[in-house]
Amino acid sequence: MQQYSVVGKPIPRVDGSLKATGEAKFTVDIALPGMLYGKILRSPYPHAKILSIDTSKAEALPGVKAVITGKDTGEVRFSFIDTPRYPADQCPLAIDKVRFIGEEVAAVAAVSEDTAQEALGLIEVEYEELPAVFDPEEAMKDGAPRIHDKITPTTTTAWEDFGVTREARPYDAVNNISNQVLITVGDAEQGFKESDHIRQNRFVIPTTSHIALEPHGALASFDSAGKLNVWLSHMGYEHKRYWLAKTLGIPISKVRVNKTYVGGAFGGKISLFPYELLAAFLSKKTGRPVKIILSRSEVLSTCHTSRRFIVDVKTGVKRDGTIMAQHIKIIDDAGAYRSSSPTALYLAHVFRHAIYNIPNVRHEGVGVYTNKLFTGPKRGHSLQQISFAVESQLDMIAEELGIDPLELRLKNLRKKGDILPNGDRLDSYGLPECLRLAAESSGWKQKWGKQPNRGMGIGTGGMFSGGHNYPFGSAAFVKLNPDGRFTLFTGQTEFGGGVDTVMAQIAAEELGLTIDDIVVVSGDSELCPYDIGNWLSGGVYVSGQAVRRAAADAKQQLLAYATEALETKIDQLEINNGRIYVKANPDKAVSLSDMYKYGIQMRGGDPILGKGYTKAVQDVGFWGGSFKGTAALSQGRGRFTDAYGLAAAIAEVEVDKETGKVKVLHIVVADDCGTDINPLNVEGQLESQAAMAIGDVLFEEVVIEEGRVINPTLGDYKIPGALDIPKLTTISVQDYEPKGPFGAKEVGETARGAVIPAIANAICNAIGGRIYSLPMTPDKILKAMKDEKG
């Protein structure tokens with residue numbers, strides 16, 4: 001493996017001191033002169049008509065500067081996706097009716113939070129309750145309460161595949177179908193005919209919360225020229241700018257997303273939220289800055305949670321364990337609004353199709369409206385749900401065939417260099433090595449199935465290194481300063497993963513500088529170029545490549561200047577430690593500071609400004625209607641990504657068979673993320689995903705009864721504590737990715753999708769019974785053991 005000067009080194013974070021000392025400014029810390037405070041009135045009903053809203057008493061309260069309702073915001077709509085096939089379906093404030101408990105009905109801006117809160121109690125809303133539906137399978141049936149009255153017709157599907165007996169017909173509002181996906185590879189029916197053993201199971205995965213350390217918040221300020229400045233807790237400003245401009249009816253160039261630090265996101269702060277729009281509406285109405293900070297209970301009960309899946313898996317294998325066919329059927333309980341359901345349903349296929357070589361696949365799914373809190377992306381965005389289902393069933397098949405679960409997986413893996421059915425190429429593929437190293441580190445061969453009350457389990461995961469997502473690419477600039485250092489401008493958002501440090505390392509390596517020679521300016525839409533944002537794990541792979549190319553562009557400009565100053569050819573020069581020198585005579589050199597002056601004095605004032613850019617997927621185009629958008633993606637056509645991150649995990653657990661309590665003893669995570677740009681970051685990403693997965697399997701669920709979230713506080717919503725974290729072993733399998741910056745690719749999401757089934761399979765291995773839903777609570781464990789005993 002090639003050795004680098006800066007890349008591959010465990011460099012401390014460039015923003016570490018700012019965060020450790022409290023100097024870093026988060027959205028909640030920003031205060032502007034004349035700032036008002038916003039609060040939101042929310043629906044107490046899961047489904048009801050709004051007959052009238054009287055705001056007169058609230059408006060008369062001293063200190064209240066504005067009260068707005070749906071009549072003020074109008075029927076502007078926004079969503080995670082907005083296409084002719086899947087039009088936006090959510091308004092910032094409910095217009096005619098409410099569709100879930102907690103939906104936004106009115107908003108207030110006042111001189112203090114207490115005054116704004118008091119004003120909410122003075123708003124009088126008259127509702128007419130409507131029948132509600134909370135079960136997605138009930139919601140699909142004829143006669144179910146209609147949640148949305150207008151839905152654009154799309155293609156047809158066979159409803160009997162989802163337990164609804166009826167003729168295939170276009171989607172309509174009667175059956176509450178939000179969206180669909182159908183992806184086929186080979187001939188699944190024929191594959192099952194050729195199989196010696198077939199297994200079919202249903203798995204249920206509940207919704208969970210993101211539990212970012214920083215709750216959601218927004219500060220909006222319109223100036224007298226009609227320009228909107230916002231400070232947000234977010235994951236990428238392009239989505240925010242796009243929707244703010246569209247819904248407010250102003251040019252996108254008049255929306256500035258200012259830099260703030262973000263205290264965690266995990267997919268929970270991607271697209272636009274109603275509170276962000278409402279802050280902007282209230283600022284426009286009052287002519288003053290307006291800040292809205294949500295409480296923890298508001299975040300847990302009104303901001304999107306992870307997706308709720310019901311997954312039916314049918315797998316056919318030969319006697320030797322060769323997988324011949326697989327049929328996946330997913331019901332996605334989307335909640336009151338569609339959000340990212342179309343994306344999640346197709347991702348549930350493409351995140352897994354790089355792992356196993358299954359020649360015959362049928363993958364189908366429906367998103368269904370219900371009168372519950374809507375769902376959205378969470379670290380992995382359907383990877384964890386589908387991995388739990390598929391990897392659980394593989395363990396059952398291995399047991400029935402008498403095959404070691406590790407060997408079953410190794411037998412069916414794809415190979416490096418494979419071209420996938422959609423055209424993606426696996427130029428890097430370290431998953432076989434991940435499995436072998438994880439097995440060796442965990443003692444799999446010595447321990448599996450040989451320890452009373454203890455169990456071991458295995459799981460795999462795969463993930464994009466960036467994919468189709470507005471604006472579909474990233475750019476970066478670097479600027480030479482008079483002291484010979486560079487300023488890097490990147491649109492990436494630092495929300496805790498260390499992206500500022502990694503981008504600085506990439507630029508420094510390319511320029512032959514140290515990390516201290518790079519000043520990072522990130523996350524400011526006015527100063528930085530367009531950027532794909534840090535989701536679908538495109539941060540390092542896409543934005544990092546743009547940064548490297550910007551640095552390379554500046555480097556070539558520097559060398560061209562130096563050929564004149566040093567009177568030599570460009571191939572005779574080298575850059576290192578802030579100097580450009582002749583390779584054969586290192587004493588013959590100029591400093592980068594000299595080159596700054598040279599550009600001014602000898603090149604007519606020409607500065608060194610490097611520009612770099614890249615697309616997320618190089619051979620996919622969107623110009624002139626050549627790409628069919630969600631219609632193509634929902635059928636799995638075309639390229640998905642240019643590189644896949646891959647991971648394997650093995651977990652060891654101990655189960656108290658008297659109480660059903662689980663103690664996780666050891667988790668080994670082996671991850672192929674290409675080159676480790678920063679080993680400290682890689683280790684942190686893998687450990688955090690393992691910790692999050694413990695919560696997924698043992699504790700976490702947003703519990704909703706009759707449409708109401710009944711555990712909306714951290715006192716009720718249990719997450720792993722320090723004593724729940726076991727010994728964690730992380731292994732970095734650095735299979736060089738030729739299309740990534742210095743060989744790097746995704747590391748932030750894959751491991752969670754591998755660790756969840758590893759822990760789940762370990763529990764089931766320990767108790768000798770199978771649990772088909774998460775979380776695996778003591779009562780479920782005791783029941784599974786009882787059922788196993790007959």
# chains A, B, ... in the order shown; residues from 1 in each chain; ligands from 1
>>> residues_around(residues="range 592-598 of chain A", least_positions_apart="3", cutoff="6 Å", atoms="only C-alpha atoms", output="PyMOL selection string")
chain A and resi 482-484+578-579+601-602
>>> select_by_dssp(residues="range 532-728 of chain A", states="helix (DSSP H, G or I)", output="number ranges by chain")
A: 539-566, 570-572, 592-601, 623-625, 630-633, 679-698, 722-724
>>> write_last_selection(atoms="C-alpha atoms", output="PDB file, in the first residue's frame")
ATOM      1  CA  GLY A 539     -18.681  12.904   1.798  1.00  0.00           C
ATOM      2  CA  VAL A 540     -15.172  11.548   1.311  1.00  0.00           C
ATOM      3  CA  TYR A 541     -15.735   9.738  -1.970  1.00  0.00           C
ATOM      4  CA  VAL A 542     -17.491  12.539  -3.878  1.00  0.00           C
ATOM      5  CA  SER A 543     -16.618  15.777  -2.091  1.00  0.00           C
ATOM      6  CA  GLY A 544     -13.154  14.506  -1.199  1.00  0.00           C
ATOM      7  CA  GLN A 545     -12.434  13.824  -4.853  1.00  0.00           C
ATOM      8  CA  ALA A 546     -13.523  17.371  -5.717  1.00  0.00           C
ATOM      9  CA  VAL A 547     -11.139  18.681  -3.042  1.00  0.00           C
ATOM     10  CA  ARG A 548      -8.257  16.593  -4.380  1.00  0.00           C
ATOM     11  CA  ARG A 549      -8.859  17.846  -7.908  1.00  0.00           C
ATOM     12  CA  ALA A 550      -9.029  21.456  -6.725  1.00  0.00           C
ATOM     13  CA  ALA A 551      -5.701  20.987  -4.949  1.00  0.00           C
ATOM     14  CA  ALA A 552      -4.230  19.307  -8.038  1.00  0.00           C
ATOM     15  CA  ASP A 553      -5.378  22.213 -10.190  1.00  0.00           C
ATOM     16  CA  ALA A 554      -3.675  24.696  -7.862  1.00  0.00           C
ATOM     17  CA  LYS A 555      -0.574  22.497  -7.788  1.00  0.00           C
ATOM     18  CA  GLN A 556      -0.268  22.591 -11.572  1.00  0.00           C
ATOM     19  CA  GLN A 557      -0.596  26.361 -11.543  1.00  0.00           C
ATOM     20  CA  LEU A 558       2.143  26.605  -8.922  1.00  0.00           C
ATOM     21  CA  LEU A 559       4.463  24.360 -10.896  1.00  0.00           C
ATOM     22  CA  ALA A 560       3.816  26.337 -14.078  1.00  0.00           C
ATOM     23  CA  TYR A 561       4.811  29.545 -12.262  1.00  0.00           C
ATOM     24  CA  ALA A 562       7.861  27.825 -10.819  1.00  0.00           C
ATOM     25  CA  THR A 563       9.132  26.662 -14.218  1.00  0.00           C
ATOM     26  CA  GLU A 564       9.558  30.321 -15.077  1.00  0.00           C
ATOM     27  CA  ALA A 565      10.965  31.381 -11.730  1.00  0.00           C
ATOM     28  CA  LEU A 566      13.418  28.451 -11.529  1.00  0.00           C
ATOM     29  CA  ILE A 570       7.756  21.060 -14.845  1.00  0.00           C
ATOM     30  CA  ASP A 571       8.672  17.372 -14.552  1.00  0.00           C
ATOM     31  CA  GLN A 572      11.878  18.348 -12.763  1.00  0.00           C
ATOM     32  CA  LEU A 592       4.735  29.138  -1.986  1.00  0.00           C
ATOM     33  CA  SER A 593       4.683  32.619  -0.510  1.00  0.00           C
ATOM     34  CA  ASP A 594       7.096  33.631  -3.296  1.00  0.00           C
ATOM     35  CA  MET A 595       4.676  32.172  -5.851  1.00  0.00           C
ATOM     36  CA  TYR A 596       1.833  34.279  -4.446  1.00  0.00           C
ATOM     37  CA  LYS A 597       3.940  37.394  -5.056  1.00  0.00           C
ATOM     38  CA  TYR A 598       5.099  36.070  -8.438  1.00  0.00           C
ATOM     39  CA  GLY A 599       1.534  35.830  -9.682  1.00  0.00           C
ATOM     40  CA  ILE A 600       0.926  39.448  -8.809  1.00  0.00           C
ATOM     41  CA  GLN A 601       4.207  40.924 -10.003  1.00  0.00           C
ATOM     42  CA  TRP A 623     -29.375  16.832 -18.833  1.00  0.00           C
ATOM     43  CA  GLY A 624     -32.236  17.187 -21.318  1.00  0.00           C
ATOM     44  CA  GLY A 625     -34.447  14.555 -19.765  1.00  0.00           C
ATOM     45  CA  THR A 630     -37.676   8.047  -9.722  1.00  0.00           C
ATOM     46  CA  ALA A 631     -39.483   5.996 -12.359  1.00  0.00           C
ATOM     47  CA  ALA A 632     -36.138   4.500 -13.410  1.00  0.00           C
ATOM     48  CA  LEU A 633     -34.805   4.157  -9.887  1.00  0.00           C
ATOM     49  CA  PRO A 679      -7.613   6.095  11.019  1.00  0.00           C
ATOM     50  CA  LEU A 680      -8.992   7.897  14.084  1.00  0.00           C
ATOM     51  CA  ASN A 681     -12.116   8.853  12.162  1.00  0.00           C
ATOM     52  CA  VAL A 682     -12.511   5.352  10.746  1.00  0.00           C
ATOM     53  CA  GLU A 683     -12.243   3.760  14.168  1.00  0.00           C
ATOM     54  CA  GLY A 684     -14.732   6.248  15.587  1.00  0.00           C
ATOM     55  CA  GLN A 685     -17.225   5.618  12.790  1.00  0.00           C
ATOM     56  CA  LEU A 686     -17.092   1.852  13.257  1.00  0.00           C
ATOM     57  CA  GLU A 687     -17.362   1.985  17.049  1.00  0.00           C
ATOM     58  CA  SER A 688     -20.277   4.429  16.927  1.00  0.00           C
ATOM     59  CA  GLN A 689     -22.156   2.209  14.498  1.00  0.00           C
ATOM     60  CA  ALA A 690     -21.629  -0.817  16.723  1.00  0.00           C
ATOM     61  CA  ALA A 691     -22.966   1.125  19.713  1.00  0.00           C
ATOM     62  CA  MET A 692     -25.958   2.314  17.707  1.00  0.00           C
ATOM     63  CA  ALA A 693     -26.664  -1.250  16.584  1.00  0.00           C
ATOM     64  CA  ILE A 694     -26.798  -2.417  20.214  1.00  0.00           C
ATOM     65  CA  GLY A 695     -29.627   0.058  20.708  1.00  0.00           C
ATOM     66  CA  ASP A 696     -31.399  -1.178  17.579  1.00  0.00           C
ATOM     67  CA  VAL A 697     -31.346  -4.795  18.697  1.00  0.00           C
ATOM     68  CA  LEU A 698     -31.875  -4.531  22.448  1.00  0.00           C
ATOM     69  CA  ALA A 722     -21.795   3.222  28.903  1.00  0.00           C
ATOM     70  CA  LEU A 723     -22.266  -0.093  30.740  1.00  0.00           C
ATOM     71  CA  ASP A 724     -24.006  -1.615  27.712  1.00  0.00           C
TER      72      ASP A 724
END
>>> atom_distance(atom1="CA of Glu391 in chain A", atom2="CA of Ile704 in chain A")
27.1 Å
>>> closest_residue(among="A:Val230, A:Ala94, A:Ile40, A:Ile355", to="Val76 in chain A", atoms="only C-alpha atoms")
A:Ala94
>>> residues_around(residues="Lys378 in chain A", least_positions_apart="4", cutoff="9 Å", atoms="only C-alpha atoms", output="list in words")
Thr208, Ser209, His210, Ala265, Phe266, Gly267, Gly268, Thr305, Ser306, Arg307 and Ser382 of chain A
>>> select_by_dssp(residues="range 495-601 of chain A", states="strand (DSSP E or B)", output="MDAnalysis selection string")
chainID A and resid 518:522 573:576 579:582 585:591
>>> residues_around(residues="Lys786 in chain A", least_positions_apart="4", cutoff="10 Å", atoms="only C-alpha atoms", output="number ranges by chain")
A: 767, 769, 780-782, 790
>>> write_last_selection(atoms="all heavy atoms", output="CSV table (one decimal), in the first residue's frame")
chain,number,residue,atom,x,y,z
A,767,ILE,N,-30.1,-18.9,22.5
A,767,ILE,CA,-31.4,-19.4,23.1
A,767,ILE,C,-31.9,-20.6,22.3
A,767,ILE,O,-32.9,-21.2,22.8
A,767,ILE,CB,-32.4,-18.3,23.2
A,767,ILE,CG1,-32.9,-17.8,21.8
A,767,ILE,CG2,-31.9,-17.1,24.0
A,767,ILE,CD1,-34.0,-16.8,21.9
A,769,GLY,N,-33.8,-20.4,19.7
A,769,GLY,CA,-35.1,-20.1,19.1
A,769,GLY,C,-34.9,-18.8,18.2
A,769,GLY,O,-33.9,-18.2,18.3
A,780,LYS,N,-39.6,-11.0,24.7
A,780,LYS,CA,-39.6,-11.7,23.4
A,780,LYS,C,-38.6,-12.9,23.5
A,780,LYS,O,-38.9,-14.0,22.9
A,780,LYS,CB,-39.1,-10.8,22.2
A,780,LYS,CG,-40.1,-9.7,21.9
A,780,LYS,CD,-39.6,-8.9,20.7
A,780,LYS,CE,-40.5,-7.8,20.3
A,780,LYS,NZ,-40.0,-6.9,19.2
A,781,ILE,N,-37.5,-12.7,24.2
A,781,ILE,CA,-36.5,-13.8,24.3
A,781,ILE,C,-37.1,-15.0,25.1
A,781,ILE,O,-37.0,-16.1,24.7
A,781,ILE,CB,-35.2,-13.2,25.0
A,781,ILE,CG1,-34.5,-12.3,24.0
A,781,ILE,CG2,-34.3,-14.4,25.4
A,781,ILE,CD1,-33.4,-11.5,24.6
A,782,LEU,N,-37.8,-14.7,26.2
A,782,LEU,CA,-38.4,-15.7,27.0
A,782,LEU,C,-39.5,-16.5,26.2
A,782,LEU,O,-39.6,-17.7,26.3
A,782,LEU,CB,-39.0,-15.1,28.3
A,782,LEU,CG,-37.9,-14.6,29.3
A,782,LEU,CD1,-38.6,-13.9,30.4
A,782,LEU,CD2,-37.0,-15.7,29.8
A,790,GLY,N,-41.6,-26.0,22.9
A,790,GLY,CA,-42.9,-26.6,22.6
A,790,GLY,C,-44.0,-26.3,23.6
A,790,GLY,O,-45.0,-27.0,23.7
>>> closest_atom_pairs(of="range 678-749 of chain A", to="range 296-303 of chain A", cutoff="9 Å", atoms="only C-alpha atoms", output="JSON lines")
{"residue": "A:Val702", "atom": "CA", "partner": "A:Leu300", "partner_atom": "CA", "distance": 7.9}
{"residue": "A:Arg708", "atom": "CA", "partner": "A:Ser301", "partner_atom": "CA", "distance": 8.0}
{"residue": "A:Val709", "atom": "CA", "partner": "A:Ser301", "partner_atom": "CA", "distance": 5.7}
{"residue": "A:Ile710", "atom": "CA", "partner": "A:Ser301", "partner_atom": "CA", "distance": 8.5}
{"residue": "A:Asn711", "atom": "CA", "partner": "A:Leu300", "partner_atom": "CA", "distance": 8.2}
{"residue": "A:Pro712", "atom": "CA", "partner": "A:Ser297", "partner_atom": "CA", "distance": 4.8}
{"residue": "A:Thr713", "atom": "CA", "partner": "A:Ser297", "partner_atom": "CA", "distance": 5.3}
{"residue": "A:Leu714", "atom": "CA", "partner": "A:Arg296", "partner_atom": "CA", "distance": 8.0}
{"residue": "A:Tyr717", "atom": "CA", "partner": "A:Leu300", "partner_atom": "CA", "distance": 8.9}
>>> closest_residue(among="A:Ile198, A:Trp444, A:Ile250, A:Phe26", to="His216 in chain A", atoms="only C-alpha atoms")
A:Phe26
>>> closest_residue(among="A:Gly316, A:Val703, A:Phe495, A:Asp196", to="Leu373 in chain A", atoms="only C-alpha atoms")
A:Val703
>>> closest_residue(among="A:Leu277, A:Leu431, A:Ala476, A:Leu511", to="Gly645 in chain A", atoms="only C-alpha atoms")
A:Leu431
>>> closest_residue(among="A:Tyr736, A:Gly34, A:Pro44, A:Ala109", to="Lys416 in chain A", atoms="only C-alpha atoms")
A:Tyr736
>>> residues_around(residues="Lys97 in chain A", least_positions_apart="4", cutoff="9 Å", atoms="only C-alpha atoms", output="MDAnalysis selection string")
chainID A and resid 47:51 127:128
>>> residues_around(residues="Val664 in chain A", least_positions_apart="6", cutoff="8 Å", atoms="only C-alpha atoms", output="list of chain:residue names")
A:Ala651, A:Glu652, A:Val653, A:Glu654, A:Asp724, A:Ile725, A:Pro726, A:Ile759
>>> write_last_selection(atoms="all heavy atoms", output="PDB file, in the first residue's frame")
ATOM      1  N   ALA A 651     -20.685 -10.987  16.435  1.00  0.00           N
ATOM      2  CA  ALA A 651     -21.006 -10.614  17.810  1.00  0.00           C
ATOM      3  C   ALA A 651     -21.067 -11.850  18.688  1.00  0.00           C
ATOM      4  O   ALA A 651     -21.477 -12.927  18.245  1.00  0.00           O
ATOM      5  CB  ALA A 651     -22.341  -9.874  17.866  1.00  0.00           C
ATOM      6  N   GLU A 652     -20.654 -11.664  19.934  1.00  0.00           N
ATOM      7  CA  GLU A 652     -20.768 -12.713  20.948  1.00  0.00           C
ATOM      8  C   GLU A 652     -21.597 -12.175  22.094  1.00  0.00           C
ATOM      9  O   GLU A 652     -21.336 -11.068  22.589  1.00  0.00           O
ATOM     10  CB  GLU A 652     -19.389 -13.142  21.438  1.00  0.00           C
ATOM     11  CG  GLU A 652     -19.434 -14.275  22.460  1.00  0.00           C
ATOM     12  CD  GLU A 652     -18.049 -14.717  22.905  1.00  0.00           C
ATOM     13  OE1 GLU A 652     -17.046 -14.175  22.379  1.00  0.00           O
ATOM     14  OE2 GLU A 652     -17.962 -15.584  23.801  1.00  0.00           O
ATOM     15  N   VAL A 653     -22.617 -12.922  22.514  1.00  0.00           N
ATOM     16  CA  VAL A 653     -23.510 -12.469  23.567  1.00  0.00           C
ATOM     17  C   VAL A 653     -23.689 -13.561  24.604  1.00  0.00           C
ATOM     18  O   VAL A 653     -23.423 -14.740  24.357  1.00  0.00           O
ATOM     19  CB  VAL A 653     -24.899 -12.061  23.014  1.00  0.00           C
ATOM     20  CG1 VAL A 653     -24.776 -11.045  21.900  1.00  0.00           C
ATOM     21  CG2 VAL A 653     -25.680 -13.292  22.537  1.00  0.00           C
ATOM     22  N   GLU A 654     -24.170 -13.138  25.755  1.00  0.00           N
ATOM     23  CA  GLU A 654     -24.559 -14.065  26.823  1.00  0.00           C
ATOM     24  C   GLU A 654     -25.994 -13.751  27.205  1.00  0.00           C
ATOM     25  O   GLU A 654     -26.345 -12.574  27.398  1.00  0.00           O
ATOM     26  CB  GLU A 654     -23.637 -13.915  28.030  1.00  0.00           C
ATOM     27  CG  GLU A 654     -23.912 -14.918  29.144  1.00  0.00           C
ATOM     28  CD  GLU A 654     -22.885 -14.818  30.251  1.00  0.00           C
ATOM     29  OE1 GLU A 654     -22.830 -13.745  30.886  1.00  0.00           O
ATOM     30  OE2 GLU A 654     -22.132 -15.782  30.452  1.00  0.00           O
ATOM     31  N   ASP A 724     -23.493  -0.687  28.721  1.00  0.00           N
ATOM     32  CA  ASP A 724     -24.006  -1.615  27.712  1.00  0.00           C
ATOM     33  C   ASP A 724     -23.016  -1.842  26.579  1.00  0.00           C
ATOM     34  O   ASP A 724     -23.237  -2.718  25.735  1.00  0.00           O
ATOM     35  CB  ASP A 724     -25.326  -1.091  27.117  1.00  0.00           C
ATOM     36  CG  ASP A 724     -26.426  -0.979  28.157  1.00  0.00           C
ATOM     37  OD1 ASP A 724     -26.666  -1.981  28.843  1.00  0.00           O
ATOM     38  OD2 ASP A 724     -27.020   0.107  28.284  1.00  0.00           O
ATOM     39  N   ILE A 725     -21.958  -1.035  26.537  1.00  0.00           N
ATOM     40  CA  ILE A 725     -21.000  -1.137  25.437  1.00  0.00           C
ATOM     41  C   ILE A 725     -19.957  -2.195  25.765  1.00  0.00           C
ATOM     42  O   ILE A 725     -19.274  -2.112  26.777  1.00  0.00           O
ATOM     43  CB  ILE A 725     -20.318   0.215  25.166  1.00  0.00           C
ATOM     44  CG1 ILE A 725     -21.379   1.306  24.962  1.00  0.00           C
ATOM     45  CG2 ILE A 725     -19.408   0.116  23.950  1.00  0.00           C
ATOM     46  CD1 ILE A 725     -22.355   1.034  23.840  1.00  0.00           C
ATOM     47  N   PRO A 726     -19.807  -3.207  24.925  1.00  0.00           N
ATOM     48  CA  PRO A 726     -18.879  -4.300  25.206  1.00  0.00           C
ATOM     49  C   PRO A 726     -17.481  -4.002  24.659  1.00  0.00           C
ATOM     50  O   PRO A 726     -17.189  -2.886  24.207  1.00  0.00           O
ATOM     51  CB  PRO A 726     -19.506  -5.459  24.426  1.00  0.00           C
ATOM     52  CG  PRO A 726     -20.056  -4.768  23.200  1.00  0.00           C
ATOM     53  CD  PRO A 726     -20.547  -3.415  23.670  1.00  0.00           C
ATOM     54  N   ILE A 759     -25.667  -9.272  16.077  1.00  0.00           N
ATOM     55  CA  ILE A 759     -26.148  -9.377  17.457  1.00  0.00           C
ATOM     56  C   ILE A 759     -27.425 -10.211  17.513  1.00  0.00           C
ATOM     57  O   ILE A 759     -27.586 -11.082  18.376  1.00  0.00           O
ATOM     58  CB  ILE A 759     -26.396  -7.985  18.059  1.00  0.00           C
ATOM     59  CG1 ILE A 759     -25.100  -7.166  18.098  1.00  0.00           C
ATOM     60  CG2 ILE A 759     -26.979  -8.099  19.467  1.00  0.00           C
ATOM     61  CD1 ILE A 759     -25.297  -5.726  18.532  1.00  0.00           C
TER      62      ILE A 759
END
>>> decode(residues="range 595-600 of chain A", atoms="all heavy atoms", output="CSV table (one decimal), in the first residue's frame")
chain,number,residue,atom,x,y,z
A,595,MET,N,5.5,32.4,-4.7
A,595,MET,CA,4.7,32.2,-5.9
A,595,MET,C,3.4,33.1,-5.8
A,595,MET,O,2.9,33.5,-6.8
A,595,MET,CB,4.3,30.7,-5.9
A,595,MET,CG,5.4,29.8,-6.3
A,595,MET,SD,6.1,30.1,-8.0
A,595,MET,CE,7.4,31.3,-7.6
A,596,TYR,N,2.9,33.3,-4.6
A,596,TYR,CA,1.8,34.3,-4.4
A,596,TYR,C,2.2,35.6,-5.0
A,596,TYR,O,1.5,36.3,-5.8
A,596,TYR,CB,1.4,34.4,-3.0
A,596,TYR,CG,0.3,35.4,-2.7
A,596,TYR,CD1,-1.0,34.9,-2.7
A,596,TYR,CD2,0.6,36.7,-2.4
A,596,TYR,CE1,-2.1,35.8,-2.5
A,596,TYR,CE2,-0.5,37.6,-2.2
A,596,TYR,CZ,-1.8,37.2,-2.2
A,596,TYR,OH,-2.8,38.1,-2.0
A,597,LYS,N,3.4,36.1,-4.6
A,597,LYS,CA,3.9,37.4,-5.1
A,597,LYS,C,4.3,37.4,-6.6
A,597,LYS,O,4.0,38.3,-7.3
A,597,LYS,CB,5.2,37.8,-4.3
A,597,LYS,CG,5.0,37.9,-2.8
A,597,LYS,CD,6.3,38.0,-2.0
A,597,LYS,CE,6.0,37.9,-0.5
A,597,LYS,NZ,7.3,37.8,0.2
A,598,TYR,N,4.7,36.2,-7.0
A,598,TYR,CA,5.1,36.1,-8.4
A,598,TYR,C,3.9,36.3,-9.3
A,598,TYR,O,3.9,36.9,-10.4
A,598,TYR,CB,5.7,34.7,-8.7
A,598,TYR,CG,6.3,34.5,-10.0
A,598,TYR,CD1,7.7,34.8,-10.2
A,598,TYR,CD2,5.6,34.0,-11.1
A,598,TYR,CE1,8.3,34.6,-11.5
A,598,TYR,CE2,6.1,33.9,-12.4
A,598,TYR,CZ,7.5,34.2,-12.6
A,598,TYR,OH,8.1,34.0,-13.8
A,599,GLY,N,2.7,35.7,-8.9
A,599,GLY,CA,1.5,35.8,-9.7
A,599,GLY,C,1.1,37.3,-9.8
A,599,GLY,O,0.5,37.7,-10.8
A,600,ILE,N,1.3,38.0,-8.8
A,600,ILE,CA,0.9,39.4,-8.8
A,600,ILE,C,1.9,40.3,-9.6
A,600,ILE,O,1.5,41.0,-10.5
A,600,ILE,CB,0.8,40.0,-7.4
A,600,ILE,CG1,-0.3,39.3,-6.6
A,600,ILE,CG2,0.6,41.5,-7.4
A,600,ILE,CD1,-0.4,39.7,-5.1
